[in-house]
$ cat input.txt   # compact mmCIF, C-alpha atoms and all ligand atoms
# COMPACT_ATOMS: atom_id res chain seq x y z
CA MET G 1 128.73 151.72 86.65
CA SER G 2 128.07 155.04 88.31
CA LYS G 3 126.43 154.98 91.73
CA ILE G 4 124.13 157.26 93.67
CA TYR G 5 124.87 158.30 97.22
CA ALA G 6 123.33 160.69 99.71
CA MET G 7 125.08 162.32 102.63
CA SER G 8 124.54 164.91 105.31
CA GLY G 9 127.14 167.59 106.00
CA GLY G 10 128.68 167.61 102.53
CA ALA G 11 129.06 171.39 102.27
CA THR G 12 132.46 171.72 103.96
CA GLY G 13 135.33 169.80 105.53
CA ILE G 14 135.42 165.99 105.50
CA GLY G 15 131.99 165.73 103.87
CA ALA G 16 132.95 168.08 101.03
CA SER G 17 136.02 165.97 100.33
CA VAL G 18 133.95 162.76 100.22
CA LYS G 19 131.46 164.46 97.89
CA GLU G 20 134.20 165.74 95.57
CA LYS G 21 135.98 162.37 95.39
CA LEU G 22 132.76 160.47 94.64
CA ARG G 23 131.65 163.00 92.03
CA ALA G 24 135.13 162.94 90.43
CA ARG G 25 134.79 159.23 89.77
CA GLY G 26 131.38 159.76 88.16
CA ASP G 27 129.04 158.99 91.05
CA GLN G 28 126.01 161.10 91.90
CA VAL G 29 125.94 162.60 95.41
CA ILE G 30 122.91 164.22 97.00
CA VAL G 31 123.98 166.55 99.81
CA VAL G 32 121.76 167.44 102.74
CA ASP G 33 123.11 170.36 104.74
CA ILE G 34 121.96 173.36 106.73
CA LYS G 35 123.62 175.46 104.01
CA GLY G 36 125.23 174.84 100.63
CA GLY G 37 123.64 171.45 99.92
CA ASP G 38 121.20 170.09 97.32
CA ILE G 39 118.62 169.79 100.09
CA THR G 40 118.60 172.44 102.80
CA ALA G 41 117.63 170.96 106.13
CA ASP G 42 118.44 171.61 109.77
CA LEU G 43 119.06 168.17 111.29
CA SER G 44 118.73 169.49 114.83
CA ASN G 45 114.94 169.14 114.69
CA ASP G 46 112.22 166.77 113.48
CA GLU G 47 111.02 169.10 110.74
CA GLY G 48 114.50 169.30 109.20
CA ARG G 49 115.08 165.55 109.55
CA THR G 50 111.78 164.82 107.77
CA ALA G 51 112.62 167.33 105.03
CA ALA G 52 116.02 165.66 104.59
CA ILE G 53 114.60 162.14 104.32
CA GLU G 54 111.72 163.12 102.03
CA GLY G 55 114.03 165.22 99.86
CA VAL G 56 116.46 162.33 99.37
CA ILE G 57 113.61 159.90 98.59
CA ARG G 58 112.31 162.35 95.96
CA MET G 59 115.76 162.65 94.35
CA ALA G 60 116.60 158.92 94.44
CA PRO G 61 113.27 157.07 94.23
CA ASP G 62 114.89 153.83 92.99
CA GLY G 63 117.28 153.49 95.91
CA LEU G 64 120.69 154.54 97.14
CA ASP G 65 124.06 152.81 96.94
CA GLY G 66 124.97 154.45 100.22
CA PHE G 67 124.29 157.09 102.83
CA ILE G 68 126.85 158.90 104.98
CA ALA G 69 125.80 160.66 108.19
CA CYS G 70 128.54 163.28 108.32
CA ALA G 71 126.87 166.49 109.60
CA GLY G 72 128.20 167.46 112.99
CA LEU G 73 128.87 170.32 115.39
CA PRO G 74 132.02 170.93 117.47
CA PRO G 75 132.33 170.90 121.27
CA VAL G 76 132.18 174.72 121.27
CA ALA G 77 128.62 174.84 119.83
CA LYS G 78 125.97 176.27 122.16
CA PRO G 79 123.65 175.29 123.71
CA LEU G 80 125.29 171.92 124.33
CA SER G 81 122.01 170.14 123.59
CA LEU G 82 122.40 171.27 119.95
CA ILE G 83 125.44 168.97 119.76
CA SER G 84 123.37 165.94 120.84
CA GLN G 85 120.54 166.95 118.52
CA VAL G 86 122.72 167.14 115.40
CA ASN G 87 125.56 164.68 116.11
CA PHE G 88 123.43 161.88 117.53
CA PHE G 89 119.70 162.37 116.95
CA GLY G 90 120.06 163.95 113.49
CA ALA G 91 122.47 161.21 112.40
CA VAL G 92 120.33 158.37 113.72
CA ALA G 93 117.09 159.77 112.28
CA THR G 94 118.57 160.03 108.79
CA LEU G 95 120.31 156.61 108.95
CA GLU G 96 117.05 154.97 110.03
CA GLY G 97 114.88 157.03 107.69
CA LEU G 98 116.96 156.07 104.64
CA LEU G 99 117.59 152.42 105.54
CA GLU G 100 114.91 151.01 103.22
CA LEU G 101 116.16 153.15 100.32
CA VAL G 102 119.70 151.82 100.81
CA ALA G 103 118.40 148.26 101.29
CA ARG G 104 116.86 148.39 97.80
CA LYS G 105 120.39 148.52 96.35
CA LYS G 106 122.06 146.45 99.07
CA GLY G 107 124.20 149.50 99.77
CA ALA G 108 126.36 150.74 102.63
CA MET G 109 125.97 153.32 105.37
CA VAL G 110 128.68 155.15 107.28
CA SER G 111 128.25 157.14 110.48
CA VAL G 112 130.95 159.71 111.08
CA CYS G 113 131.95 159.20 114.70
CA SER G 114 135.21 160.42 116.32
CA ASN G 115 138.32 159.11 118.03
CA SER G 116 137.18 161.16 121.04
CA ALA G 117 134.28 158.70 121.57
CA PRO G 118 136.17 156.21 123.81
CA MET G 119 137.82 158.91 125.93
CA GLY G 120 137.09 158.57 129.64
CA GLY G 121 135.06 160.75 131.98
CA LEU G 122 131.92 160.87 129.86
CA ASP G 123 128.44 161.14 131.36
CA GLU G 124 127.09 157.61 131.06
CA GLU G 125 123.54 158.66 131.96
CA CYS G 126 123.45 161.07 129.04
CA ILE G 127 124.77 158.39 126.66
CA ALA G 128 122.15 155.95 127.93
CA LEU G 129 119.37 158.50 127.35
CA MET G 130 120.57 159.04 123.77
CA LEU G 131 120.67 155.32 123.09
CA ALA G 132 117.18 154.98 124.58
CA GLY G 133 116.02 157.56 122.03
CA ASP G 134 114.84 160.00 124.72
CA GLU G 135 115.83 163.25 123.02
CA ALA G 136 114.11 165.59 125.50
CA ALA G 137 115.74 163.96 128.55
CA ALA G 138 119.16 163.61 126.89
CA CYS G 139 119.11 167.28 125.88
CA ALA G 140 118.00 168.44 129.33
CA ARG G 141 120.79 166.40 130.93
CA VAL G 142 123.54 167.55 128.56
CA ASP G 143 122.65 171.20 129.17
CA THR G 144 123.33 170.68 132.89
CA LEU G 145 126.83 169.31 132.24
CA ASP G 146 128.34 172.60 131.09
CA ASP G 147 131.15 170.63 129.43
CA GLY G 148 131.54 170.81 125.64
CA HIS G 149 133.97 167.88 125.49
CA ASN G 150 131.47 165.68 127.37
CA ALA G 151 128.65 166.77 125.04
CA TYR G 152 130.69 166.21 121.87
CA ALA G 153 132.52 162.99 122.79
CA GLY G 154 129.33 161.69 124.45
CA SER G 155 127.34 162.23 121.24
CA LYS G 156 129.99 160.34 119.25
CA ASN G 157 130.22 157.58 121.88
CA ALA G 158 126.46 157.05 121.61
CA LEU G 159 126.63 157.14 117.80
CA SER G 160 129.43 154.54 117.75
CA LYS G 161 127.47 152.23 120.06
CA TRP G 162 124.27 152.76 118.08
CA THR G 163 126.12 151.89 114.86
CA ARG G 164 127.46 148.63 116.30
CA ARG G 165 124.14 147.69 117.89
CA LYS G 166 122.32 148.18 114.58
CA ALA G 167 124.88 146.47 112.35
CA PRO G 168 123.51 142.91 112.56
CA GLU G 169 119.91 143.99 111.88
CA PHE G 170 120.97 146.21 108.97
CA MET G 171 123.24 143.47 107.57
CA ARG G 172 120.33 141.04 107.46
CA LYS G 173 118.61 143.56 105.20
CA GLY G 174 121.71 143.58 102.99
CA VAL G 175 122.99 146.92 104.30
CA ARG G 176 126.44 147.25 105.83
CA ILE G 177 126.75 149.98 108.43
CA ASN G 178 130.14 151.03 109.80
CA GLY G 179 131.48 153.99 111.69
CA ILE G 180 134.56 156.00 110.93
CA ALA G 181 136.40 157.62 113.83
CA PRO G 182 138.50 160.50 112.51
CA GLY G 183 141.20 162.05 114.60
CA MET G 184 141.92 165.77 114.47
CA THR G 185 141.39 166.99 110.91
CA SER G 186 141.89 170.46 109.42
CA THR G 187 138.33 171.65 108.71
CA PRO G 188 136.11 174.63 109.58
CA LEU G 189 134.96 172.64 112.64
CA THR G 190 138.51 172.41 113.98
CA ASP G 191 139.10 176.10 113.19
CA ARG G 192 136.14 176.94 115.45
CA VAL G 193 137.65 174.85 118.24
CA PHE G 194 141.11 176.41 117.82
CA ASP G 195 139.56 179.89 117.96
CA ASP G 196 137.92 179.15 121.31
CA LYS G 197 139.78 180.66 124.27
CA ASP G 198 139.29 177.60 126.50
CA PHE G 199 139.44 174.73 124.01
CA GLY G 200 141.97 176.28 121.61
CA PRO G 201 145.16 175.87 123.69
CA LEU G 202 144.13 172.38 124.87
CA MET G 203 143.43 171.16 121.36
CA ARG G 204 146.65 172.63 120.00
CA ASP G 205 148.60 170.69 122.66
CA PHE G 206 146.59 167.56 121.90
CA SER G 207 147.27 167.88 118.16
CA GLU G 208 150.99 167.80 118.90
CA THR G 209 150.69 164.29 120.35
CA ILE G 210 149.47 162.71 117.09
CA PRO G 211 152.06 160.03 116.22
CA TYR G 212 151.71 160.81 112.49
CA GLY G 213 153.18 164.25 113.22
CA SER G 214 150.29 166.43 112.05
CA MET G 215 146.53 166.61 111.85
CA ALA G 216 144.74 164.90 108.95
CA SER G 217 143.61 166.64 105.81
CA PRO G 218 139.93 166.02 104.96
CA GLU G 219 141.10 163.88 102.02
CA MET G 220 142.82 161.42 104.36
CA ILE G 221 139.54 160.77 106.14
CA ALA G 222 137.54 160.73 102.90
CA ASP G 223 139.74 158.00 101.37
CA ALA G 224 139.13 155.67 104.31
CA LEU G 225 135.44 156.51 104.40
CA ILE G 226 135.02 155.72 100.70
CA PHE G 227 136.70 152.34 101.29
CA LEU G 228 133.85 151.54 103.71
CA LEU G 229 131.31 152.34 100.98
CA ASP G 230 133.01 150.29 98.29
CA PRO G 231 132.72 146.57 97.42
CA GLU G 232 136.26 145.97 98.72
CA ALA G 233 134.69 146.33 102.20
CA ARG G 234 131.81 143.94 101.44
CA PHE G 235 132.43 141.80 104.57
CA VAL G 236 133.04 144.79 106.87
CA SER G 237 130.00 145.44 109.04
CA GLY G 238 129.76 147.01 112.48
CA ALA G 239 133.35 148.22 112.48
CA ILE G 240 134.48 151.53 113.91
CA LEU G 241 137.48 152.43 111.77
CA PHE G 242 139.92 154.76 113.56
CA VAL G 243 141.63 157.08 111.10
CA ASP G 244 143.67 159.20 113.44
CA GLY G 245 147.37 158.93 112.73
CA GLY G 246 147.85 156.46 115.59
CA GLN G 247 146.41 158.60 118.40
CA ASP G 248 143.84 156.09 119.66
CA ALA G 249 146.50 153.36 119.69
CA LEU G 250 148.72 155.70 121.68
CA LEU G 251 145.99 156.40 124.24
CA ARG G 252 144.41 152.92 124.48
CA PRO G 253 146.92 150.37 123.22
CA ASP G 254 145.23 147.36 124.82
CA GLU G 255 141.62 148.16 123.94
CA PHE G 256 140.07 147.32 120.60
P1 LIG O 1 132.60 170.91 109.07
O1 LIG O 1 132.10 171.96 109.98
O2 LIG O 1 133.44 171.31 107.92
O3 LIG O 1 131.41 170.02 108.51
C1 LIG O 1 130.22 169.81 109.22
C2 LIG O 1 129.06 169.92 108.24
O4 LIG O 1 127.84 169.69 108.96
C3 LIG O 1 128.95 171.31 107.58
O5 LIG O 1 128.72 171.18 106.20
C4 LIG O 1 127.77 171.91 108.30
O6 LIG O 1 127.08 172.90 107.55
C5 LIG O 1 126.90 170.67 108.58
N1 LIG O 1 125.94 170.92 109.66
C6 LIG O 1 126.20 171.48 110.87
N2 LIG O 1 125.06 171.60 111.57
C7 LIG O 1 124.07 171.10 110.79
C8 LIG O 1 122.66 170.97 110.96
N3 LIG O 1 122.03 171.41 112.07
N4 LIG O 1 121.93 170.40 109.96
C9 LIG O 1 122.55 170.01 108.82
N5 LIG O 1 123.88 170.12 108.59
C10 LIG O 1 124.62 170.67 109.57
O7 LIG O 1 133.38 169.88 110.00
P2 LIG O 1 134.12 168.48 109.72
O8 LIG O 1 135.28 168.50 110.60
O9 LIG O 1 134.26 168.20 108.28
O10 LIG O 1 133.06 167.49 110.38
C11 LIG O 1 132.43 166.43 109.67
C12 LIG O 1 132.14 165.33 110.67
O11 LIG O 1 133.38 164.79 111.13
C13 LIG O 1 131.39 165.81 111.91
O12 LIG O 1 130.42 164.84 112.27
C14 LIG O 1 132.48 165.87 112.96
O13 LIG O 1 132.00 165.73 114.26
C15 LIG O 1 133.35 164.71 112.53
N6 LIG O 1 134.72 164.77 113.06
C16 LIG O 1 135.55 165.79 112.76
C17 LIG O 1 136.84 165.82 113.27
C18 LIG O 1 137.79 166.97 113.00
O14 LIG O 1 138.88 167.00 113.62
N7 LIG O 1 137.48 167.87 112.10
C19 LIG O 1 137.29 164.77 114.09
C20 LIG O 1 136.42 163.72 114.38
C21 LIG O 1 135.14 163.72 113.85
$ encode --input "input.txt" --output "structure tokens" --more "lines below"
Ligand code: NAD
Amino acid sequence: MSKIYAMSGGATGIGASVKEKLRARGDQVIVVDIKGGDITADLSNDEGRTAAIEGVIRMAPDGLDGFIACAGLPPVAKPLSLISQVNFFGAVATLEGLLELVARKKGAMVSVCSNSAPMGGLDEECIALMLAGDEAAACARVDTLDDGHNAYAGSKNALSKWTRRKAPEFMRKGVRINGIAPGMTSTPLTDRVFDDKDFGPLMRDFSETIPYGSMASPEMIADALIFLLDPEARFVSGAILFVDGGQDALLRPDEF
């Protein structure tokens, strides 16, 4: 039977691949995006988050089989607080705002995290402020860091922790929530990073260390993400699934 999903960030990259794969198998997908979606909303602010949630509720009043928080900005986005606003606060607001709609169908949620989340040297205070839900203080702090990697990986670290902290509560409502942690993937986001004069050379070097031998295509991430939505993953809850060609295992072999 065909299913109905909603997602943020489905216009390009990983999200577009998820959308296309789900639609190709006959499912309905409602896309929220700042451009090129079914619902246009800027998830960096409360107005856009409310428009996103209300728009999805209007289009799927009987419930959702799943919601994917995929919208995200790269470490080169400016100001750095925009990264926290979209990658963490926008994701969390939509996951929480659509929980009841997904609970009606005992569906699944996926937060798109990153394999950069466990990397060291992150600002713990900033992560703590995000997890405390203090958007103003988290944004003020991240803007003082002047470090795009810290802002990006910190936002994904907080999102991964938030996902695991919420998993038991969501599961009791019948909703599985999991995170997916992609490694470097060829998308417009990565193109922006490669074009940056500071990040570009570093990221090119980093991409050469991937044990798989290349970066992922968006389809490689989408296939794993769709597994997390599907009934085959019905006992998977609170997992952070690394889909990164072995890079996290290379960097942190003894941590899991
Ligand atoms: P992408 O740029 O192709 O996709 C990001 C999407 O988010 C776009 O459709 C964009 O329009 C949307 N978006 C950006 N700002 C928004 C806003 N304010 N409001 C609403 N929508 C907004 O990049 P991608 O690589 O496909 O990224 C998808 C997700 O995967 C992101 O969360 C990203 O952080 C994560 N990720 C990507 C990689 C990678 O190497 N590409 C690695 C790890 C994690």
$ atom_distance --input "input.txt" --atom1 "atom CA of G:Ser2" --atom2 "atom CA of G:Asp230"
12.1 Å
$ residues_around --input "input.txt" --residues "G:Thr40" --least-positions-apart "6" --cutoff "10 Å" --atoms "all atoms listed in the file" --output "mmCIF file with C-alpha atoms, in the frame of the given file"
data_model
loop_
_atom_site.group_PDB
_atom_site.id
_atom_site.type_symbol
_atom_site.label_atom_id
_atom_site.label_comp_id
_atom_site.auth_asym_id
_atom_site.auth_seq_id
_atom_site.Cartn_x
_atom_site.Cartn_y
_atom_site.Cartn_z
ATOM 1 C CA SER G 8 124.540 164.910 105.310
ATOM 2 C CA VAL G 31 123.980 166.550 99.810
ATOM 3 C CA VAL G 32 121.760 167.440 102.740
ATOM 4 C CA ASP G 33 123.110 170.360 104.740
ATOM 5 C CA ILE G 34 121.960 173.360 106.730
ATOM 6 C CA GLY G 48 114.500 169.300 109.200
ATOM 7 C CA ALA G 51 112.620 167.330 105.030
ATOM 8 C CA ALA G 52 116.020 165.660 104.590
ATOM 9 C CA GLY G 55 114.030 165.220 99.860
#
$ closest_atom_pairs --input "input.txt" --of "chain G" --to "ligand LIG 1 (chain O)" --cutoff "6 Å" --atoms "only C-alpha atoms and all ligand atoms" --output "tab-separated table"
residue	atom	partner	partner_atom	distance
G:Gly9	CA	O:LIG1	O4	3.7
G:Gly10	CA	O:LIG1	O5	5.1
G:Ala11	CA	O:LIG1	O5	4.0
G:Thr12	CA	O:LIG1	O2	4.1
G:Gly13	CA	O:LIG1	O9	3.4
G:Ile14	CA	O:LIG1	O9	3.7
G:Gly15	CA	O:LIG1	O9	5.5
G:Asp33	CA	O:LIG1	N5	3.9
G:Ile34	CA	O:LIG1	C9	4.0
G:Lys35	CA	O:LIG1	O6	5.6
G:Ala41	CA	O:LIG1	C9	5.7
G:Asp42	CA	O:LIG1	N4	3.7
G:Leu43	CA	O:LIG1	N4	3.9
G:Ser44	CA	O:LIG1	N3	4.7
G:Cys70	CA	O:LIG1	O12	4.6
G:Ala71	CA	O:LIG1	O4	3.4
G:Gly72	CA	O:LIG1	O12	3.5
G:Leu73	CA	O:LIG1	C6	5.4
G:Val86	CA	O:LIG1	N3	5.5
G:Val112	CA	O:LIG1	O12	5.3
G:Cys113	CA	O:LIG1	C21	5.6
G:Ser114	CA	O:LIG1	C20	4.0
G:Pro182	CA	O:LIG1	C20	4.3
G:Gly183	CA	O:LIG1	C19	4.8
G:Met184	CA	O:LIG1	O14	3.4
G:Thr185	CA	O:LIG1	O14	3.7
G:Ser186	CA	O:LIG1	N7	5.8
G:Thr187	CA	O:LIG1	O8	4.8
G:Pro188	CA	O:LIG1	O2	4.6
G:Leu189	CA	O:LIG1	O1	4.0
G:Thr190	CA	O:LIG1	N7	5.0
$ closest_residue --input "input.txt" --among "G:Met1, G:Ala153, G:Ala216, G:Leu250" --to "G:Met119" --atoms "all atoms listed in the file"
G:Ala153
$ atom_distance --input "input.txt" --atom1 "atom CA of G:Leu251" --atom2 "atom CA of G:Gly213"
15.3 Å
$ residues_around --input "input.txt" --residues "stretch 100-111 of chain G" --least-positions-apart "5" --cutoff "7 Å" --atoms "all atoms listed in the file" --output "ChimeraX atom specification"
/G:63-70,173-180,229
$ residues_around --input "input.txt" --residues "G:Arg252" --least-positions-apart "6" --cutoff "12 Å" --atoms "all atoms listed in the file" --output "PyMOL selection string"
chain G and resi 115-116+118-120+242+246
$ atom_distance --input "input.txt" --atom1 "atom CA of G:Met215" --atom2 "atom CA of G:Gly200"
14.5 Å
$ closest_residue --input "input.txt" --among "G:Ala158, G:Leu228, G:Leu122, G:Ala167" --to "G:Leu145" --atoms "all atoms listed in the file"
G:Leu122
$ closest_residue --input "input.txt" --among "G:Ser217, G:Thr94, G:Ser81, G:Asn87" --to "G:Val56" --atoms "all atoms listed in the file"
G:Thr94
$ closest_residue --input "input.txt" --among "G:Phe256, G:Phe199, G:Phe235, G:Tyr212" --to "G:Gly148" --atoms "only C-alpha atoms"
G:Phe199
$ residues_around --input "input.txt" --residues "G:Asp143" --least-positions-apart "5" --cutoff "9 Å" --atoms "all atoms listed in the file" --output "JSON, numbers by chain"
{"G": [79, 80, 81, 138, 151]}
$ build_atoms --input "input.txt" --residues "stretch 39-50 of chain G" --atoms "all heavy atoms" --output "short mmCIF file (atom, residue, chain, number, x, y, z; two decimals), keeping the file's coordinate frame"
data_model
loop_
_atom_site.label_atom_id
_atom_site.label_comp_id
_atom_site.auth_asym_id
_atom_site.auth_seq_id
_atom_site.Cartn_x
_atom_site.Cartn_y
_atom_site.Cartn_z
N ILE G 39 119.82 169.72 99.26
CA ILE G 39 118.62 169.79 100.09
C ILE G 39 119.00 170.56 101.35
O ILE G 39 119.94 170.18 102.06
CB ILE G 39 118.13 168.38 100.47
CG1 ILE G 39 117.77 167.58 99.22
CG2 ILE G 39 116.97 168.45 101.45
CD1 ILE G 39 117.63 166.09 99.46
N THR G 40 118.30 171.67 101.59
CA THR G 40 118.60 172.44 102.80
C THR G 40 117.73 171.94 103.94
O THR G 40 116.50 171.93 103.83
CB THR G 40 118.33 173.94 102.54
OG1 THR G 40 119.13 174.34 101.42
CG2 THR G 40 118.69 174.79 103.75
N ALA G 41 118.39 171.47 104.99
CA ALA G 41 117.63 170.96 106.13
C ALA G 41 118.46 171.10 107.39
O ALA G 41 119.67 170.87 107.38
CB ALA G 41 117.28 169.48 105.91
N ASP G 42 117.79 171.49 108.47
CA ASP G 42 118.44 171.61 109.77
C ASP G 42 118.19 170.31 110.54
O ASP G 42 117.06 170.05 110.98
CB ASP G 42 117.86 172.82 110.52
CG ASP G 42 118.46 172.99 111.91
OD1 ASP G 42 119.24 172.10 112.33
OD2 ASP G 42 118.15 174.00 112.56
N LEU G 43 119.22 169.50 110.69
CA LEU G 43 119.06 168.17 111.29
C LEU G 43 118.94 168.21 112.81
O LEU G 43 118.86 167.16 113.44
CB LEU G 43 120.21 167.27 110.87
CG LEU G 43 120.26 166.97 109.37
CD1 LEU G 43 121.49 166.14 109.03
CD2 LEU G 43 119.01 166.26 108.90
N SER G 44 118.89 169.42 113.38
CA SER G 44 118.73 169.49 114.83
C SER G 44 117.28 169.29 115.26
O SER G 44 117.00 169.17 116.44
CB SER G 44 119.24 170.83 115.37
OG SER G 44 118.38 171.87 114.98
N ASN G 45 116.35 169.29 114.29
CA ASN G 45 114.94 169.14 114.69
C ASN G 45 114.18 168.20 113.75
O ASN G 45 114.65 167.90 112.65
CB ASN G 45 114.26 170.51 114.77
CG ASN G 45 114.30 171.23 113.43
OD1 ASN G 45 113.76 170.73 112.43
ND2 ASN G 45 114.94 172.39 113.37
N ASP G 46 113.01 167.76 114.23
CA ASP G 46 112.22 166.77 113.48
C ASP G 46 111.81 167.27 112.10
O ASP G 46 111.81 166.50 111.15
CB ASP G 46 110.93 166.43 114.27
CG ASP G 46 111.24 165.44 115.39
OD1 ASP G 46 112.27 164.76 115.31
OD2 ASP G 46 110.43 165.38 116.33
N GLU G 47 111.47 168.54 112.02
CA GLU G 47 111.02 169.10 110.74
C GLU G 47 112.14 168.99 109.70
O GLU G 47 111.92 168.55 108.57
CB GLU G 47 110.64 170.56 110.97
CG GLU G 47 109.84 171.18 109.88
CD GLU G 47 109.70 172.70 110.10
OE1 GLU G 47 110.07 173.20 111.18
OE2 GLU G 47 109.24 173.34 109.15
N GLY G 48 113.35 169.37 110.11
CA GLY G 48 114.50 169.30 109.20
C GLY G 48 114.85 167.86 108.83
O GLY G 48 115.20 167.57 107.69
N ARG G 49 114.76 166.98 109.81
CA ARG G 49 115.08 165.55 109.55
C ARG G 49 114.09 164.98 108.54
O ARG G 49 114.48 164.27 107.62
CB ARG G 49 115.06 164.76 110.86
CG ARG G 49 116.16 165.20 111.82
CD ARG G 49 115.93 164.65 113.23
NE ARG G 49 116.77 165.38 114.20
CZ ARG G 49 116.54 165.42 115.50
NH1 ARG G 49 115.51 164.77 116.03
NH2 ARG G 49 117.35 166.10 116.30
N THR G 50 112.80 165.31 108.71
CA THR G 50 111.78 164.82 107.77
C THR G 50 112.03 165.40 106.38
O THR G 50 111.95 164.69 105.37
CB THR G 50 110.37 165.21 108.27
OG1 THR G 50 110.22 164.67 109.58
CG2 THR G 50 109.29 164.66 107.37
#
